[in-house]
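Participant: Below is the file coords.cif, with mmCIF, N, CA and C atoms.
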data_start
loop_
_atom_site.label_atom_id
_atom_site.label_comp_id
_atom_site.auth_asym_id
_atom_site.auth_seq_id
_atom_site.Cartn_x
_atom_site.Cartn_y
_atom_site.Cartn_z
N ARG A 1 -54.74 6.15 -15.94
CA ARG A 1 -53.43 6.68 -16.30
C ARG A 1 -52.45 5.51 -16.35
N PRO A 2 -51.86 5.23 -17.49
CA PRO A 2 -50.96 4.08 -17.62
C PRO A 2 -49.61 4.34 -16.95
N HIS A 3 -48.97 3.25 -16.55
CA HIS A 3 -47.63 3.36 -15.96
C HIS A 3 -46.64 3.77 -17.03
N ARG A 4 -45.69 4.58 -16.65
CA ARG A 4 -44.71 5.04 -17.63
C ARG A 4 -43.37 4.35 -17.45
N GLY A 5 -43.34 3.28 -16.70
CA GLY A 5 -42.09 2.55 -16.51
C GLY A 5 -41.67 1.82 -17.78
N ARG A 6 -40.47 1.28 -17.76
CA ARG A 6 -39.97 0.60 -18.95
C ARG A 6 -40.57 -0.79 -19.10
N GLY A 7 -41.13 -1.31 -18.04
CA GLY A 7 -41.72 -2.63 -18.15
C GLY A 7 -40.66 -3.70 -18.31
N LYS A 8 -40.89 -4.62 -19.24
CA LYS A 8 -39.96 -5.73 -19.41
C LYS A 8 -38.87 -5.46 -20.44
N THR A 9 -38.86 -4.28 -21.00
CA THR A 9 -37.82 -3.98 -21.99
C THR A 9 -36.46 -3.86 -21.32
N GLY A 10 -36.43 -3.52 -20.05
CA GLY A 10 -35.18 -3.45 -19.29
C GLY A 10 -34.47 -2.14 -19.49
N GLY A 11 -33.88 -1.66 -18.42
CA GLY A 11 -33.11 -0.42 -18.48
C GLY A 11 -31.67 -0.71 -18.85
N LYS A 12 -30.88 0.34 -18.83
CA LYS A 12 -29.46 0.19 -19.13
C LYS A 12 -28.77 -0.47 -17.94
N ALA A 13 -28.04 -1.54 -18.19
CA ALA A 13 -27.34 -2.22 -17.10
C ALA A 13 -26.15 -1.39 -16.65
N ARG A 14 -26.00 -1.28 -15.35
CA ARG A 14 -24.88 -0.51 -14.82
C ARG A 14 -23.60 -1.33 -14.97
N ALA A 15 -22.53 -0.65 -15.34
CA ALA A 15 -21.25 -1.33 -15.53
C ALA A 15 -20.74 -1.85 -14.19
N LYS A 16 -20.02 -2.97 -14.25
CA LYS A 16 -19.44 -3.56 -13.04
C LYS A 16 -18.43 -2.58 -12.46
N ALA A 17 -18.50 -2.39 -11.14
CA ALA A 17 -17.60 -1.45 -10.48
C ALA A 17 -16.15 -1.93 -10.61
N LYS A 18 -15.27 -0.99 -10.91
CA LYS A 18 -13.85 -1.30 -11.05
C LYS A 18 -13.08 -0.41 -10.08
N THR A 19 -12.24 -1.02 -9.26
CA THR A 19 -11.52 -0.23 -8.26
C THR A 19 -10.51 0.69 -8.94
N ARG A 20 -10.18 1.76 -8.23
CA ARG A 20 -9.19 2.69 -8.77
C ARG A 20 -7.81 2.04 -8.84
N SER A 21 -7.57 1.08 -7.96
CA SER A 21 -6.30 0.36 -8.00
C SER A 21 -6.18 -0.45 -9.28
N SER A 22 -7.26 -1.14 -9.65
CA SER A 22 -7.20 -1.95 -10.88
C SER A 22 -7.17 -1.06 -12.11
N CYS A 23 -7.83 0.10 -12.06
CA CYS A 23 -7.76 1.04 -13.18
C CYS A 23 -6.33 1.52 -13.39
N ALA A 24 -5.61 1.73 -12.28
CA ALA A 24 -4.23 2.22 -12.36
C ALA A 24 -3.23 1.08 -12.52
N GLY A 25 -3.70 -0.16 -12.44
CA GLY A 25 -2.81 -1.31 -12.57
C GLY A 25 -1.94 -1.51 -11.34
N LEU A 26 -2.49 -1.21 -10.16
CA LEU A 26 -1.73 -1.30 -8.91
C LEU A 26 -2.31 -2.38 -8.01
N GLN A 27 -1.47 -2.87 -7.10
CA GLN A 27 -1.92 -3.80 -6.07
C GLN A 27 -2.26 -3.05 -4.78
N PHE A 28 -1.62 -1.92 -4.56
CA PHE A 28 -1.87 -1.15 -3.34
C PHE A 28 -3.22 -0.43 -3.44
N PRO A 29 -3.92 -0.27 -2.30
CA PRO A 29 -5.28 0.28 -2.33
C PRO A 29 -5.31 1.80 -2.48
N VAL A 30 -5.73 2.25 -3.65
CA VAL A 30 -5.80 3.69 -3.92
C VAL A 30 -6.88 4.34 -3.06
N GLY A 31 -8.01 3.68 -2.91
CA GLY A 31 -9.10 4.24 -2.11
C GLY A 31 -8.71 4.43 -0.66
N ARG A 32 -8.00 3.46 -0.10
CA ARG A 32 -7.57 3.57 1.30
C ARG A 32 -6.54 4.68 1.47
N VAL A 33 -5.61 4.78 0.50
CA VAL A 33 -4.61 5.85 0.56
C VAL A 33 -5.30 7.21 0.49
N HIS A 34 -6.31 7.32 -0.37
CA HIS A 34 -7.05 8.58 -0.50
C HIS A 34 -7.74 8.93 0.81
N ARG A 35 -8.38 7.94 1.42
CA ARG A 35 -9.05 8.19 2.70
C ARG A 35 -8.06 8.64 3.77
N LEU A 36 -6.91 7.98 3.83
CA LEU A 36 -5.91 8.34 4.83
C LEU A 36 -5.33 9.73 4.58
N LEU A 37 -5.17 10.11 3.31
CA LEU A 37 -4.70 11.46 2.99
C LEU A 37 -5.72 12.51 3.43
N ARG A 38 -7.01 12.20 3.23
CA ARG A 38 -8.04 13.16 3.62
C ARG A 38 -8.16 13.27 5.14
N LYS A 39 -8.10 12.13 5.82
CA LYS A 39 -8.29 12.12 7.28
C LYS A 39 -7.04 12.58 8.03
N GLY A 40 -5.89 12.60 7.38
CA GLY A 40 -4.64 12.87 8.08
C GLY A 40 -4.28 14.33 8.22
N ASN A 41 -5.14 15.25 7.78
CA ASN A 41 -4.86 16.69 7.87
C ASN A 41 -3.54 17.06 7.19
N TYR A 42 -3.29 16.49 6.03
CA TYR A 42 -2.10 16.83 5.27
C TYR A 42 -2.34 18.06 4.41
N ALA A 43 -3.56 18.21 3.91
CA ALA A 43 -3.90 19.36 3.08
C ALA A 43 -5.41 19.56 3.14
N GLU A 44 -5.84 20.76 2.75
CA GLU A 44 -7.27 21.04 2.75
C GLU A 44 -7.99 20.22 1.70
N HIS A 45 -7.38 20.11 0.52
CA HIS A 45 -7.96 19.33 -0.57
C HIS A 45 -6.94 18.31 -1.04
N VAL A 46 -7.44 17.14 -1.43
CA VAL A 46 -6.57 16.10 -1.99
C VAL A 46 -7.07 15.80 -3.40
N GLY A 47 -6.21 16.02 -4.39
CA GLY A 47 -6.59 15.79 -5.77
C GLY A 47 -6.81 14.32 -6.07
N ALA A 48 -7.41 14.05 -7.22
CA ALA A 48 -7.72 12.67 -7.59
C ALA A 48 -6.47 11.88 -7.94
N GLY A 49 -5.43 12.56 -8.44
CA GLY A 49 -4.22 11.85 -8.85
C GLY A 49 -3.25 11.59 -7.72
N ALA A 50 -3.38 12.33 -6.62
CA ALA A 50 -2.42 12.20 -5.52
C ALA A 50 -2.40 10.81 -4.90
N PRO A 51 -3.56 10.21 -4.57
CA PRO A 51 -3.51 8.88 -3.97
C PRO A 51 -3.01 7.81 -4.93
N VAL A 52 -3.27 7.98 -6.22
CA VAL A 52 -2.78 7.02 -7.22
C VAL A 52 -1.26 7.07 -7.27
N TYR A 53 -0.71 8.28 -7.29
CA TYR A 53 0.75 8.45 -7.34
C TYR A 53 1.40 7.90 -6.08
N LEU A 54 0.83 8.24 -4.91
CA LEU A 54 1.41 7.79 -3.65
C LEU A 54 1.32 6.27 -3.52
N ALA A 55 0.20 5.68 -3.93
CA ALA A 55 0.08 4.22 -3.88
C ALA A 55 1.09 3.56 -4.80
N ALA A 56 1.34 4.17 -5.97
CA ALA A 56 2.33 3.61 -6.90
C ALA A 56 3.74 3.68 -6.30
N VAL A 57 4.06 4.80 -5.64
CA VAL A 57 5.38 4.94 -5.01
C VAL A 57 5.54 3.91 -3.90
N LEU A 58 4.52 3.76 -3.05
CA LEU A 58 4.59 2.78 -1.96
C LEU A 58 4.73 1.36 -2.49
N GLU A 59 4.00 1.06 -3.56
CA GLU A 59 4.10 -0.28 -4.16
C GLU A 59 5.49 -0.53 -4.72
N TYR A 60 6.06 0.48 -5.38
CA TYR A 60 7.40 0.33 -5.95
C TYR A 60 8.44 0.09 -4.86
N LEU A 61 8.38 0.91 -3.79
CA LEU A 61 9.35 0.76 -2.70
C LEU A 61 9.20 -0.60 -2.02
N THR A 62 7.97 -1.05 -1.82
CA THR A 62 7.74 -2.35 -1.21
C THR A 62 8.30 -3.47 -2.08
N ALA A 63 8.09 -3.36 -3.39
CA ALA A 63 8.61 -4.38 -4.31
C ALA A 63 10.13 -4.42 -4.28
N GLU A 64 10.76 -3.25 -4.21
CA GLU A 64 12.23 -3.21 -4.15
C GLU A 64 12.74 -3.89 -2.88
N ILE A 65 12.13 -3.57 -1.74
CA ILE A 65 12.57 -4.16 -0.47
C ILE A 65 12.34 -5.67 -0.48
N LEU A 66 11.18 -6.10 -0.98
CA LEU A 66 10.89 -7.53 -1.02
C LEU A 66 11.84 -8.27 -1.95
N GLU A 67 12.23 -7.63 -3.04
CA GLU A 67 13.18 -8.28 -3.94
C GLU A 67 14.54 -8.47 -3.26
N LEU A 68 15.01 -7.43 -2.57
CA LEU A 68 16.28 -7.55 -1.85
C LEU A 68 16.19 -8.60 -0.75
N ALA A 69 15.08 -8.63 -0.03
CA ALA A 69 14.91 -9.62 1.04
C ALA A 69 14.83 -11.03 0.46
N GLY A 70 14.16 -11.17 -0.68
CA GLY A 70 14.08 -12.48 -1.33
C GLY A 70 15.43 -12.95 -1.82
N ASN A 71 16.22 -12.04 -2.37
CA ASN A 71 17.57 -12.40 -2.82
C ASN A 71 18.43 -12.84 -1.64
N ALA A 72 18.33 -12.12 -0.53
CA ALA A 72 19.10 -12.47 0.66
C ALA A 72 18.66 -13.82 1.20
N ALA A 73 17.35 -14.08 1.19
CA ALA A 73 16.85 -15.37 1.66
C ALA A 73 17.33 -16.50 0.76
N ARG A 74 17.32 -16.27 -0.55
CA ARG A 74 17.77 -17.31 -1.48
C ARG A 74 19.26 -17.58 -1.31
N ASP A 75 20.04 -16.51 -1.11
CA ASP A 75 21.48 -16.68 -0.91
C ASP A 75 21.78 -17.49 0.35
N ASN A 76 20.92 -17.35 1.36
CA ASN A 76 21.10 -18.09 2.61
C ASN A 76 20.32 -19.40 2.63
N LYS A 77 19.83 -19.81 1.46
CA LYS A 77 19.08 -21.06 1.31
C LYS A 77 17.86 -21.13 2.23
N LYS A 78 17.18 -20.02 2.34
CA LYS A 78 15.95 -19.96 3.13
C LYS A 78 14.76 -19.78 2.20
N THR A 79 13.61 -20.30 2.61
CA THR A 79 12.41 -20.18 1.79
C THR A 79 11.45 -19.12 2.32
N ARG A 80 11.75 -18.59 3.51
CA ARG A 80 10.89 -17.56 4.09
C ARG A 80 11.68 -16.29 4.36
N ILE A 81 10.95 -15.17 4.30
CA ILE A 81 11.55 -13.88 4.64
C ILE A 81 11.09 -13.55 6.06
N ALA A 82 12.02 -13.58 7.01
CA ALA A 82 11.67 -13.30 8.40
C ALA A 82 11.79 -11.81 8.67
N ALA A 83 11.08 -11.32 9.67
CA ALA A 83 11.05 -9.89 9.99
C ALA A 83 12.12 -9.52 11.01
N TRP A 84 13.31 -10.06 10.86
CA TRP A 84 14.40 -9.74 11.78
C TRP A 84 15.00 -8.40 11.42
N ARG A 85 15.39 -7.66 12.47
CA ARG A 85 16.15 -6.44 12.24
C ARG A 85 17.62 -6.77 12.35
N ARG A 86 18.46 -5.86 11.90
CA ARG A 86 19.89 -6.13 11.89
C ARG A 86 20.44 -6.30 13.30
N ASP A 87 19.87 -5.55 14.26
CA ASP A 87 20.38 -5.59 15.62
C ASP A 87 19.45 -6.38 16.54
N HIS A 88 18.84 -7.45 16.02
CA HIS A 88 17.86 -8.18 16.81
C HIS A 88 18.49 -8.91 17.99
N ARG A 89 19.79 -9.23 17.94
CA ARG A 89 20.42 -9.98 19.03
C ARG A 89 20.71 -9.10 20.23
N SER A 90 20.96 -7.82 20.01
CA SER A 90 21.38 -6.97 21.12
C SER A 90 20.21 -6.42 21.92
N GLY A 91 19.00 -6.49 21.38
CA GLY A 91 17.84 -5.97 22.09
C GLY A 91 17.76 -4.45 22.07
N TRP A 92 18.62 -3.79 21.27
CA TRP A 92 18.65 -2.34 21.19
C TRP A 92 17.63 -1.88 20.15
N CYS A 93 16.87 -0.85 20.47
CA CYS A 93 15.86 -0.33 19.55
C CYS A 93 16.04 1.18 19.44
N ALA A 94 16.16 1.67 18.21
CA ALA A 94 16.38 3.11 17.99
C ALA A 94 15.20 3.93 18.49
N ALA A 95 13.98 3.39 18.40
CA ALA A 95 12.80 4.13 18.85
C ALA A 95 12.81 4.34 20.36
N GLN A 96 13.40 3.38 21.10
CA GLN A 96 13.43 3.50 22.55
C GLN A 96 14.59 4.36 23.04
N HIS A 97 15.61 4.56 22.18
CA HIS A 97 16.79 5.31 22.57
C HIS A 97 17.09 6.41 21.56
N PRO A 98 16.23 7.43 21.47
CA PRO A 98 16.47 8.48 20.47
C PRO A 98 17.73 9.27 20.79
N GLY A 99 18.45 9.62 19.73
CA GLY A 99 19.64 10.44 19.89
C GLY A 99 20.90 9.68 20.21
N SER A 100 20.80 8.40 20.46
CA SER A 100 22.01 7.62 20.75
C SER A 100 22.36 6.77 19.54
N ALA A 101 23.63 6.45 19.42
CA ALA A 101 24.10 5.67 18.28
C ALA A 101 23.80 4.19 18.52
N ALA A 102 23.66 3.47 17.42
CA ALA A 102 23.42 2.03 17.51
C ALA A 102 24.67 1.33 18.04
N PRO A 103 24.50 0.27 18.82
CA PRO A 103 25.67 -0.46 19.32
C PRO A 103 26.42 -1.12 18.18
N GLN A 104 27.74 -1.18 18.31
CA GLN A 104 28.58 -1.78 17.27
C GLN A 104 28.57 -3.29 17.40
N GLU A 105 28.38 -3.97 16.24
CA GLU A 105 28.44 -5.43 16.23
C GLU A 105 29.84 -5.87 15.89
N ASP A 106 30.29 -6.98 16.49
CA ASP A 106 31.63 -7.50 16.21
C ASP A 106 31.62 -8.36 14.96
#
Please, can you express the file's structure as C-alpha cells?
Facilitator:
Amino acid sequence: RPHRGRGKTGGKARAKAKTRSSCAGLQFPVGRVHRLLRKGNYAEHVGAGAPVYLAAVLEYLTAEILELAGNAARDNKKTRIAAWRRDHRSGWCAAQHPGSAAPQED
C-alpha cells in the first residue's frame, strides 16, 4: 500500500501570524486587553471588536497625555518626562485620604 502523503511537492505554507494590534494599526496590545476583559467579569461574552476599540481608546488617551507632558517638558527645557504629581512636595495623596480636599498650594 503506497503512502498517500504529498512527498516532496510540499503543502500549502501557513501565512505568518499577524497580531490583532498590527491588523488594527495599534501599538497597544489587543490580545492582552481581550484577555483582561474576559478575566475581569465585566460581561458574560466579549465581542471581537470590543478589545480593539478599547485598545484604540487607551492608545489615544495615552498619546494625548504624553503630548501634553512632552510640551510641558520642552517649555521647561527638560529632555525627560518625570512621573511627578502636582502635589508631590506636600506628601498628600488622594488615595490615602478619601473624601478630603487636596491641600492648597501657595
Participant: Check which residues of range 3-60 of chain A sit at most 10 Å from range 64-82 of chain A using only C-alpha atoms, and return one row each with the closest pair of atoms and their distance in Å to one decimal, ordered by chain and rising number, as JSON lines.
Facilitator:
{"residue": "A:Leu58", "atom": "CA", "partner": "A:Glu64", "partner_atom": "CA", "distance": 10.0}
{"residue": "A:Glu59", "atom": "CA", "partner": "A:Glu64", "partner_atom": "CA", "distance": 8.6}
{"residue": "A:Tyr60", "atom": "CA", "partner": "A:Glu64", "partner_atom": "CA", "distance": 6.3}
Participant: Since I can't run it myself right now, could you work out what the PyMOL selection byres (((chain A and resi 22-33 and name CA) around 8) and name CA) selects here and report it as a ChimeraX atom specification?
Facilitator: /A:18-21,34-37,51-52,54-56,58-59
Participant: Please measure the separation of atom C of Arg85 in chain A and atom C of Tyr53 in chain A, giving the value in Å to one decimal.
Facilitator: 28.6 Å
Participant: Provide the CA of Ala17 in chain A to atom C of Val57 in chain A distance in Å, to one decimal place.
Facilitator: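 Distance reported for this atom pair: 24.6 Å.
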Participant: May I ask for the distance between CA of Thr62 in chain A and CA of Ala50 in chain A, given in Å to one decimal place?
Facilitator: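 Separation between CA of Thr62 in chain A and CA of Ala50 in chain A: 18.3 Å.
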Participant: Please, which residues of range 11-103 of chain A, numbered as in this document, come out helix (DSSP H, G or I) from DSSP, as a ChimeraX atom specification?
Facilitator: /A:20-24,30-39,49-75
